[in-house]
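**Student:** Sharing model_22.txt here; it has compact mmCIF, C-alpha atoms.
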# COMPACT_ATOMS: atom_id res chain seq x y z
CA MET A 1 -24.14 -1.82 -32.65
CA ARG A 2 -25.19 -2.54 -29.07
CA SER A 3 -24.46 -6.25 -29.58
CA GLU A 4 -20.94 -5.43 -30.82
CA MET A 5 -20.31 -3.13 -27.80
CA THR A 6 -21.55 -5.83 -25.42
CA GLN A 7 -19.27 -8.38 -27.06
CA THR A 8 -16.31 -5.98 -26.83
CA THR A 9 -16.99 -5.37 -23.13
CA SER A 10 -17.27 -9.10 -22.51
CA ASN A 11 -13.98 -9.76 -24.32
CA ALA A 12 -12.24 -7.05 -22.30
CA ARG A 13 -13.59 -8.56 -19.09
CA ASP A 14 -12.33 -11.99 -20.13
CA ARG A 15 -8.88 -10.58 -20.91
CA ARG A 16 -8.70 -8.90 -17.49
CA ARG A 17 -9.75 -12.16 -15.85
CA ARG A 18 -7.08 -14.13 -17.74
CA CYS A 19 -4.44 -11.54 -16.77
CA THR A 20 -5.51 -11.76 -13.13
CA LEU A 21 -5.34 -15.56 -13.16
CA ALA A 22 -1.93 -15.43 -14.83
CA ALA A 23 -0.70 -12.99 -12.18
CA LEU A 24 -1.98 -15.23 -9.41
CA ALA A 25 -0.31 -18.25 -11.01
CA GLY A 26 2.95 -16.30 -11.19
CA LEU A 27 2.58 -15.37 -7.54
CA VAL A 28 2.11 -18.99 -6.55
CA LEU A 29 5.15 -20.06 -8.57
CA ALA A 30 7.25 -17.30 -7.06
CA SER A 31 6.17 -18.31 -3.58
CA ALA A 32 7.25 -21.87 -4.27
CA ALA A 33 10.71 -20.89 -5.53
CA PRO A 34 13.64 -22.55 -3.71
CA GLY A 35 14.76 -20.65 -0.62
CA LEU A 36 11.70 -18.39 -0.46
CA GLY A 37 9.64 -20.91 1.45
CA GLN A 38 11.93 -20.99 4.48
CA VAL A 39 10.26 -20.06 7.77
CA ARG A 40 12.41 -18.20 10.26
CA VAL A 41 11.89 -17.72 13.98
CA GLN A 42 11.02 -14.04 13.46
CA ASP A 43 8.20 -15.09 11.10
CA VAL A 44 6.29 -16.84 13.89
CA ALA A 45 7.49 -15.13 17.10
CA ARG A 46 8.54 -11.81 18.60
CA LEU A 47 10.69 -10.78 21.53
CA GLN A 48 8.88 -10.36 24.82
CA GLY A 49 8.63 -6.61 25.36
CA GLN A 50 8.66 -5.89 21.63
CA ARG A 51 5.55 -3.78 21.32
CA THR A 52 4.36 -0.30 20.54
CA ASN A 53 3.62 2.09 23.38
CA PRO A 54 0.73 4.57 23.14
CA LEU A 55 1.02 8.17 24.34
CA MET A 56 -1.91 10.45 25.02
CA GLY A 57 -2.83 14.00 25.96
CA TYR A 58 -5.59 16.61 25.73
CA GLY A 59 -5.11 19.82 23.77
CA LEU A 60 -6.73 22.72 21.98
CA VAL A 61 -7.07 23.14 18.23
CA VAL A 62 -7.35 26.80 17.25
CA GLY A 63 -7.91 28.72 14.04
CA LEU A 64 -11.19 27.04 13.09
CA GLU A 65 -13.60 28.96 10.87
CA GLY A 66 -16.64 28.90 13.14
CA THR A 67 -16.70 25.11 13.44
CA GLY A 68 -15.33 24.82 16.99
CA ASP A 69 -17.04 23.81 20.23
CA GLY A 70 -18.58 27.23 20.92
CA GLY A 71 -18.83 29.29 24.12
CA LYS A 72 -21.48 27.01 25.63
CA ASN A 73 -19.02 24.14 25.98
CA VAL A 74 -17.88 24.64 29.57
CA VAL A 75 -14.96 22.20 29.46
CA THR A 76 -13.43 23.78 26.37
CA MET A 77 -13.87 27.32 27.65
CA ARG A 78 -12.32 26.36 31.00
CA ALA A 79 -9.26 24.96 29.20
CA LEU A 80 -9.06 28.14 27.10
CA MET A 81 -9.24 30.30 30.25
CA GLN A 82 -6.41 28.32 31.85
CA MET A 83 -4.27 28.83 28.75
CA HIS A 84 -4.89 32.60 28.89
CA GLN A 85 -3.88 32.68 32.57
CA ARG A 86 -0.73 30.64 31.87
CA PHE A 87 0.50 33.27 29.43
CA ALA A 88 -0.46 36.22 31.65
CA GLN A 89 -3.60 37.04 29.67
CA PRO A 90 -6.25 36.39 32.35
CA VAL A 91 -9.91 36.07 31.45
CA VAL A 92 -12.05 37.73 34.10
CA ALA A 93 -15.25 35.80 33.40
CA PRO A 94 -16.32 32.91 31.15
CA GLU A 95 -18.81 35.26 29.45
CA GLU A 96 -15.88 36.92 27.70
CA LEU A 97 -15.48 33.75 25.59
CA LYS A 98 -19.15 33.09 24.87
CA ASN A 99 -18.86 33.90 21.16
CA ASN A 100 -15.67 31.92 20.61
CA LYS A 101 -16.23 29.25 17.95
CA SER A 102 -12.69 28.94 16.67
CA VAL A 103 -11.43 26.53 19.35
CA ALA A 104 -12.01 22.79 19.91
CA LEU A 105 -10.94 20.47 22.71
CA VAL A 106 -9.28 17.35 21.27
CA ALA A 107 -7.71 14.06 22.30
CA VAL A 108 -4.14 13.74 21.06
CA THR A 109 -2.48 10.34 20.62
CA ALA A 110 0.84 9.05 19.27
CA GLU A 111 2.58 5.69 19.22
CA VAL A 112 6.20 4.89 20.08
CA PRO A 113 7.57 2.22 17.66
CA GLU A 114 8.01 -1.36 18.86
CA PHE A 115 11.80 -1.04 19.15
CA GLY A 116 11.76 2.32 20.94
CA ALA A 117 12.91 5.78 19.83
CA ARG A 118 15.51 8.44 20.67
CA GLU A 119 15.16 11.97 22.02
CA GLY A 120 14.33 14.38 19.21
CA GLN A 121 12.71 11.73 17.01
CA THR A 122 9.32 12.71 15.56
CA LEU A 123 6.11 10.70 15.57
CA ASP A 124 2.83 11.07 13.71
CA VAL A 125 -0.04 12.39 15.82
CA ARG A 126 -3.74 11.60 15.65
CA ILE A 127 -6.37 14.15 16.66
CA ALA A 128 -10.04 13.62 17.55
CA ALA A 129 -12.60 16.18 18.71
CA LEU A 130 -14.09 15.68 22.17
CA GLY A 131 -16.76 18.38 22.20
CA GLU A 132 -19.30 19.79 19.79
CA ALA A 133 -16.89 20.84 17.03
CA ARG A 134 -18.27 20.20 13.55
CA SER A 135 -14.89 20.22 11.80
CA LEU A 136 -11.18 20.50 12.58
CA LYS A 137 -10.30 21.48 9.01
CA GLY A 138 -7.75 24.28 8.85
CA GLY A 139 -7.04 24.12 12.59
CA THR A 140 -3.70 24.11 14.40
CA LEU A 141 -2.95 22.12 17.54
CA LEU A 142 -1.33 24.20 20.28
CA VAL A 143 1.68 22.64 22.02
CA THR A 144 0.34 19.65 23.95
CA PRO A 145 2.29 17.41 26.38
CA LEU A 146 1.93 13.65 25.82
CA GLN A 147 2.25 11.08 28.59
CA TYR A 148 1.80 7.34 28.98
CA ALA A 149 -1.74 6.37 27.98
CA LEU A 150 -1.98 4.18 31.11
CA PHE A 151 -1.62 7.08 33.52
CA ASP A 152 -1.16 6.03 37.15
CA PRO A 153 -1.05 8.84 39.74
CA ASP A 154 0.85 6.55 42.11
CA ARG A 155 3.67 5.81 39.62
CA LEU A 156 6.08 8.63 38.92
CA GLU A 157 7.21 7.29 35.52
CA THR A 158 3.69 7.55 34.08
CA GLN A 159 3.50 11.24 35.00
CA GLN A 160 6.52 12.24 32.95
CA ILE A 161 6.10 14.22 29.73
CA ILE A 162 7.35 11.89 26.99
CA ALA A 163 6.69 14.10 23.95
CA LEU A 164 5.34 17.47 22.86
CA ALA A 165 2.80 17.61 20.02
CA SER A 166 1.77 20.56 17.84
CA GLY A 167 1.13 21.53 14.25
CA ARG A 168 -1.47 21.94 11.53
CA VAL A 169 -4.19 19.29 11.43
CA GLU A 170 -4.77 17.38 8.20
CA THR A 171 -8.33 16.11 7.82
CA SER A 172 -9.41 13.43 5.38
CA GLU A 173 -11.51 14.47 2.42
CA ASP A 174 -13.50 11.25 2.60
CA GLY A 175 -13.52 10.59 6.37
CA ALA A 176 -14.94 12.45 9.35
CA ALA A 177 -13.90 16.10 9.59
CA THR A 178 -13.77 15.85 13.40
CA SER A 179 -10.57 13.80 13.31
CA GLY A 180 -7.22 14.17 11.59
CA VAL A 181 -3.46 13.68 11.71
CA ILE A 182 -0.34 15.79 12.11
CA ARG A 183 2.58 14.25 10.23
CA SER A 184 5.70 14.19 12.43
CA GLY A 185 3.74 16.34 14.86
CA ALA A 186 5.23 15.00 18.12
CA VAL A 187 8.84 15.37 19.23
CA LEU A 188 10.19 12.97 21.88
CA GLU A 189 11.61 14.73 24.91
CA GLN A 190 13.56 11.70 26.14
CA ASP A 191 14.92 8.35 24.98
CA PHE A 192 12.38 5.57 24.98
CA PHE A 193 14.01 2.14 25.16
CA TYR A 194 12.70 -1.37 25.78
CA ASN A 195 14.77 -3.89 27.70
CA PHE A 196 14.46 -7.29 26.04
CA ILE A 197 17.12 -9.04 28.13
CA ASP A 198 16.25 -10.29 31.60
CA ASN A 199 18.80 -12.15 33.70
CA GLY A 200 20.95 -12.95 30.68
CA GLN A 201 18.15 -14.34 28.53
CA VAL A 202 15.41 -13.30 26.13
CA THR A 203 11.94 -14.78 25.81
CA LEU A 204 10.31 -15.41 22.44
CA VAL A 205 6.53 -15.11 22.24
CA LEU A 206 4.78 -17.08 19.48
CA ASP A 207 1.96 -15.26 17.72
CA ASP A 208 -1.65 -16.41 18.00
CA ALA A 209 -1.68 -18.17 14.63
CA HIS A 210 1.34 -20.36 15.49
CA ALA A 211 1.13 -20.81 19.26
CA GLY A 212 1.17 -24.44 20.40
CA TYR A 213 3.51 -27.05 21.87
CA PRO A 214 4.58 -28.46 18.48
CA MET A 215 5.66 -25.06 17.12
CA ALA A 216 7.32 -24.02 20.41
CA HIS A 217 9.36 -27.25 20.32
CA ALA A 218 10.25 -26.68 16.65
CA VAL A 219 11.45 -23.12 17.38
CA ALA A 220 13.62 -24.25 20.30
CA ARG A 221 15.07 -27.08 18.26
CA ALA A 222 15.91 -24.76 15.35
CA ILE A 223 17.75 -22.33 17.62
CA ASN A 224 19.67 -25.10 19.38
CA THR A 225 20.67 -26.71 16.09
CA GLU A 226 21.90 -23.46 14.58
CA LEU A 227 23.43 -21.63 17.55
CA ALA A 228 24.31 -24.06 20.31
CA ARG A 229 28.09 -24.43 20.48
CA PRO A 230 30.30 -27.04 22.11
CA SER A 231 31.10 -26.05 25.68
CA GLU A 232 34.12 -26.89 27.77
CA GLU A 233 33.93 -30.48 28.96
CA ARG A 234 32.48 -30.77 32.42
CA ARG A 235 31.20 -33.69 34.38
CA ALA A 236 27.51 -34.05 35.31
CA GLY A 237 27.40 -37.12 37.49
CA ARG A 238 28.95 -39.88 35.39
CA GLN A 239 28.35 -38.12 32.07
CA ILE A 240 30.58 -35.63 30.26
CA VAL A 241 28.59 -32.69 28.86
CA VAL A 242 30.07 -31.30 25.64
CA ARG A 243 27.11 -29.22 24.47
CA GLU A 244 24.34 -27.38 26.24
CA ASP A 245 21.08 -26.26 24.67
CA ILE A 246 20.46 -22.53 24.80
CA ALA A 247 16.73 -22.54 23.93
CA THR A 248 13.95 -24.17 25.94
CA ALA A 249 10.23 -24.27 25.16
CA ILE A 250 8.52 -23.50 28.49
CA GLY A 251 4.96 -23.60 27.18
CA PRO A 252 2.81 -23.45 24.05
CA ARG A 253 3.65 -19.78 23.50
CA ASN A 254 7.06 -19.06 25.07
CA VAL A 255 10.62 -20.10 24.27
CA VAL A 256 13.43 -18.92 26.56
CA VAL A 257 16.84 -18.35 24.95
CA ARG A 258 19.96 -18.01 27.11
CA ILE A 259 22.56 -15.57 25.79
CA PRO A 260 26.14 -16.81 26.24
CA ALA A 261 28.23 -14.75 28.68
CA TYR A 262 30.66 -13.71 25.96
CA GLU A 263 27.78 -12.19 23.92
CA LEU A 264 26.19 -10.12 26.71
CA ALA A 265 28.46 -7.11 26.15
CA GLY A 266 27.02 -6.69 22.63
CA PRO A 267 23.97 -8.98 22.30
CA ALA A 268 22.38 -7.36 19.22
CA ASN A 269 24.09 -9.60 16.66
CA TYR A 270 23.36 -12.74 18.69
CA ILE A 271 19.66 -11.86 19.03
CA ARG A 272 19.61 -11.20 15.28
CA SER A 273 20.95 -14.72 14.70
CA VAL A 274 18.28 -16.16 17.00
CA LEU A 275 15.49 -14.43 15.08
CA ARG A 276 16.90 -15.50 11.71
CA ALA A 277 17.28 -19.17 12.65
CA VAL A 278 15.43 -21.34 10.11
CA ILE A 279 12.77 -23.70 11.41
CA PHE A 280 13.76 -26.76 9.42
CA GLU A 281 11.08 -29.12 10.76
CA LEU A 282 7.70 -27.42 10.73
CA PRO A 283 4.89 -29.13 12.66
CA GLU A 284 1.76 -30.10 10.80
CA GLN A 285 -0.52 -27.08 10.53
CA GLN A 286 -3.67 -27.23 12.59
CA ALA A 287 -6.88 -27.59 10.59
CA ARG A 288 -8.71 -24.30 11.01
CA VAL A 289 -11.52 -22.36 9.33
CA THR A 290 -11.46 -18.61 9.94
CA ILE A 291 -14.56 -16.55 9.15
CA ASN A 292 -14.56 -12.76 8.93
CA LYS A 293 -17.82 -11.62 10.54
CA ALA A 294 -18.09 -8.42 8.50
CA SER A 295 -17.03 -9.52 5.01
CA ARG A 296 -18.08 -13.20 5.30
CA GLN A 297 -14.69 -14.13 3.89
CA VAL A 298 -13.60 -17.71 4.64
CA VAL A 299 -9.94 -18.69 5.09
CA LEU A 300 -8.77 -22.31 5.41
CA SER A 301 -5.52 -23.52 6.95
CA GLY A 302 -4.24 -27.05 7.35
CA ASN A 303 -6.08 -30.10 6.05
CA VAL A 304 -9.76 -29.19 6.54
CA THR A 305 -12.04 -32.13 5.80
CA ILE A 306 -15.72 -33.02 6.22
CA ALA A 307 -16.91 -36.37 7.54
CA PRO A 308 -19.46 -38.21 5.33
CA THR A 309 -22.75 -36.40 5.79
CA ILE A 310 -25.72 -34.92 3.96
CA LEU A 311 -25.95 -31.11 3.83
CA TYR A 312 -28.94 -29.09 2.70
CA VAL A 313 -27.95 -25.84 0.95
CA PRO A 314 -30.65 -23.39 -0.24
CA GLY A 315 -30.34 -23.11 -4.00
CA MET A 316 -28.51 -26.43 -4.30
CA GLY A 317 -30.77 -28.79 -2.39
CA SER A 318 -29.43 -31.80 -0.47
CA VAL A 319 -25.76 -32.50 -1.10
CA SER A 320 -24.25 -35.86 -0.19
CA LEU A 321 -20.68 -35.37 1.00
CA GLY A 322 -18.32 -38.35 0.97
CA GLY A 323 -20.90 -41.02 0.29
CA LYS A 324 -22.99 -42.55 3.08
CA PRO A 325 -22.92 -40.82 6.48
CA ALA A 326 -21.17 -42.76 9.22
CA GLU A 327 -24.40 -43.68 11.04
CA SER A 328 -25.73 -45.51 8.00
CA ALA A 329 -22.54 -47.52 7.62
CA ASN A 330 -23.76 -50.04 10.21
CA GLU A 331 -26.48 -51.24 7.85
CA PRO A 332 -25.77 -54.55 6.05
CA GLY A 333 -24.00 -54.00 2.76
CA GLN A 334 -23.26 -50.32 3.49
CA ALA A 335 -19.75 -48.92 3.92
CA ALA A 336 -18.78 -45.59 5.45
CA GLY A 337 -17.78 -43.00 2.91
CA ALA A 338 -14.48 -41.17 2.80
CA PRO A 339 -14.06 -37.60 4.10
CA VAL A 340 -14.01 -34.80 1.54
CA GLN A 341 -12.08 -31.55 1.41
CA LEU A 342 -13.96 -28.42 2.49
CA ASP A 343 -12.34 -26.37 -0.28
CA GLU A 344 -13.99 -28.65 -2.85
CA LEU A 345 -17.40 -27.92 -1.31
CA LEU A 346 -16.66 -24.20 -1.32
CA ARG A 347 -15.69 -24.40 -4.99
CA LEU A 348 -19.00 -26.07 -5.89
CA MET A 349 -20.99 -23.53 -3.86
CA THR A 350 -19.15 -20.68 -5.62
CA GLN A 351 -19.99 -22.17 -9.02
CA ALA A 352 -23.64 -22.41 -7.96
CA ALA A 353 -23.57 -18.69 -6.94
CA VAL A 354 -24.54 -19.47 -3.34
CA PRO A 355 -24.54 -16.16 -1.36
CA PRO A 356 -21.66 -15.70 1.14
CA ALA A 357 -24.05 -15.63 4.10
CA GLN A 358 -25.40 -19.09 3.16
CA VAL A 359 -21.85 -20.40 2.66
CA VAL A 360 -20.98 -19.31 6.19
CA ARG A 361 -24.22 -20.82 7.52
CA ALA A 362 -23.41 -24.14 5.85
CA ILE A 363 -19.94 -24.20 7.47
CA GLU A 364 -21.48 -23.42 10.87
CA ASP A 365 -24.04 -26.20 10.43
CA LEU A 366 -21.27 -28.66 9.58
CA HIS A 367 -19.35 -27.56 12.66
CA ARG A 368 -22.36 -27.90 14.96
CA SER A 369 -23.11 -31.38 13.64
CA GLY A 370 -19.52 -32.49 14.24
CA ALA A 371 -18.92 -33.20 10.55
CA LEU A 372 -16.38 -30.38 10.16
CA ARG A 373 -12.99 -31.72 11.17
CA ALA A 374 -11.36 -28.40 12.01
CA GLN A 375 -11.39 -25.61 14.52
CA LEU A 376 -13.82 -22.78 13.72
CA VAL A 377 -12.55 -19.25 14.45
CA TYR A 378 -14.21 -15.86 13.98
CA ARG A 379 -12.45 -12.56 13.27
CA ASP A 380 -13.90 -9.03 13.32
As structure tokens - that is how I would like this structure written.
**Tutor:**
Amino acid sequence: MRSEMTQTTSNARDRRRRCTLAALAGLVLASAAPGLGQVRVQDVARLQGQRTNPLMGYGLVVGLEGTGDGGKNVVTMRALMQMHQRFAQPVVAPEELKNNKSVALVAVTAEVPEFGAREGQTLDVRIAALGEARSLKGGTLLVTPLQYALFDPDRLETQQIIALASGRVETSEDGAATSGVIRSGAVLEQDFFYNFIDNGQVTLVLDDAHAGYPMAHAVARAINTELARPSEERRAGRQIVVREDIATAIGPRNVVVRIPAYELAGPANYIRSVLRAVIFELPEQQARVTINKASRQVVLSGNVTIAPTILYVPGMGSVSLGGKPAESANEPGQAAGAPVQLDELLRLMTQAAVPPAQVVRAIEDLHRSGALRAQLVYRD
């Protein structure tokens, strides 16, 4: 009976594995479908100034069932005394609050979306205890003003109240009870807009994975091909200029795009066209190996190869990669071997059940020896 159950379990596992492989194959085929592989400007770059903006404040969570900071926490009790005084309920001495365990001092944060927000719009709020509170479960945040996180006493705009936060705190059942969220807990008190246009132009910023002169040139060329229009004929020396480029790559990360004068009154549609321009000539992807420090996951991009070498891997022994190493090719009758793909080595190591830590160590050894023909990058 046990043998039959084991066989049934094994068959079920095999079926799940086949279904997973079939799903992955379908995903690959879908990704390769015509039209879906096009890369647009907005896929590799963003507008300069397009970013989220953090807001922050300090508040009091009340209504806790004996899990607050307690009367010995001077900072919390001082804040509670100030609140009493503000609403004409003065506290004569701190000793009057010594048994109070229903209040906790918290940090309150929110984030304005990357394209701004309007007055009256709500934002999610995150709460974290600052004192000795054991749990914020069941608590309610009193109305708390939120300001720019980068507060500067010398700049008036950073002192303004941007939003007001309040509401019942939701704590995670699995996470720490000293932190939580308030859904739609902050209400903006003013419009919050970003200005992307400077002197009649916008600047595109390539992301870290695509930054480089080849990609910056490809982005500028795509925009010029798709959006540059014939201009009125004008003379430049002895030449007649009939078209002017609107996009210029000014470095490995930035592309400046000039907005035509007739589009400045309503530039939204034009900027949309810039971001949707298709990069028809993609530069060759840089060979790169990215290692996640925590999970030991390895990601390859570009054509990652290994020069002919001999690698020792615990559990596999010495592995000859690509034939004879280059240094032995100078011997009579010996020829240098051909480079091999790193993904082939990873496949063999996976089949041999080499632990992830040893796989990463092997890649690092190849990089240190100069045999790895790719950039090595670490991510947290």
**Student:** Could you please determine the separation between atom CA of A:Asn303 and atom CA of A:Val360 in Å, to one decimal place?
**Tutor:**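 Computing it gives 18.4 Å between the two atoms.
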**Student:** For atom CA of A:Asn195 and atom CA of A:Val255, determine how far apart the two atoms are, in Å to one decimal place.
**Tutor:**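 Atom CA of A:Asn195 sits 17.1 Å away from atom CA of A:Val255.
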**Student:** Could you jot down the atom CA of A:Leu372 to atom CA of A:Leu342 separation for me, Å, one decimal place?
**Tutor:**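 Between atom CA of A:Leu372 and atom CA of A:Leu342 the gap works out to 8.3 Å.
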**Student:** With distances taken over all atoms listed in the file, which residue among A:Val169, A:Val187, A:Val143, A:Ala222 lies nearest A:Glu119?
**Tutor:**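 Smallest separation from A:Glu119 among the options: A:Val187.
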**Student:** So, with only C-alpha atoms as the atoms that count, which of A:Ser102, A:Asn199, A:Gln375, A:Gln147 lies closest to A:Gly68?
**Tutor:**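 Of all the options, A:Ser102 lies closest to A:Gly68.
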**Student:** I'd like the contact shell of stretch 350-354 of chain A - 8 Å cut-off, all atoms listed in the file, skipping same-chain residues fewer than 4 positions apart - returned as a PDB file with C-alpha atoms, in the coordinates of the input.
**Tutor:**
ATOM      1  CA  PRO A 314     -30.650 -23.390  -0.240  1.00  0.00           C
ATOM      2  CA  GLY A 315     -30.340 -23.110  -4.000  1.00  0.00           C
ATOM      3  CA  MET A 316     -28.510 -26.430  -4.300  1.00  0.00           C
ATOM      4  CA  LEU A 346     -16.660 -24.200  -1.320  1.00  0.00           C
ATOM      5  CA  GLN A 358     -25.400 -19.090   3.160  1.00  0.00           C
ATOM      6  CA  VAL A 359     -21.850 -20.400   2.660  1.00  0.00           C
TER       7      VAL A 359
END
**Student:** Pick out the closest residue to A:Ile127 from this set: A:Gln159, A:Ser273, A:Thr171, A:Asn99. Count all atoms listed in the file.
**Tutor:**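 Nearest to A:Ile127: A:Thr171.
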**Student:** Taking (-9.3, -26.8, 5.0) in the coordinates of the supplied file, I want to know which residues reach to within 12 Å of it, counting all atoms listed in the file; could you give the answer as JSON, numbers by chain?
**Tutor:** {"A": [285, 286, 287, 288, 289, 290, 298, 299, 300, 301, 302, 303, 304, 305, 306, 339, 340, 341, 342, 343, 344, 345, 346, 363, 372, 373, 374, 375, 376]}
**Student:** Of the candidates A:Leu97, A:Ala163, A:Leu188, A:Val103, which shows the shortest atom-to-atom distance to A:Gly120, using only C-alpha atoms?
**Tutor:**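 Closest residue, counting only C-alpha atoms: A:Leu188.
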**Student:** For the point (-2.0, -28.7, 23.5) in the file's frame, write as a ChimeraX atom specification all residues with an atom no more than 12 Å away, counting all atoms listed in the file.
**Tutor:** /A:211-217,251-253,286
**Student:** Contacts of A:Phe280 at 12 Å or less, counting all atoms listed in the file, minus same-chain residues fewer than 3 places along, as a ChimeraX atom specification?
**Tutor:** /A:35,37-41,215,217-226,276-277,283
**Student:** Compare A:Tyr148, A:Gly71, A:Leu264, A:Ala307 by their minimum atom-to-atom distance to A:Gly370, counting only C-alpha atoms, and give me the closest one.
**Tutor:**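 Ranked by minimum distance to A:Gly370, first place goes to A:Ala307.
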**Student:** Neighbouring residues of stretch 83-92 of chain A were defined as those with any atom within 12 Å, considering all atoms listed in the file; residues of the same chain fewer than 6 positions away were excluded. Please report them as a list in words.
**Tutor:** Gly59, Leu60, Thr76, Met77, Lys98, Leu142, Val143 and Thr144 of chain A
**Student:** From the options A:Gln50, A:Leu136, A:Asp69, A:Thr178, which residue's atoms come nearest to A:Phe193, counting only C-alpha atoms?
**Tutor:**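 For A:Phe193, the nearest of the given residues is A:Gln50.
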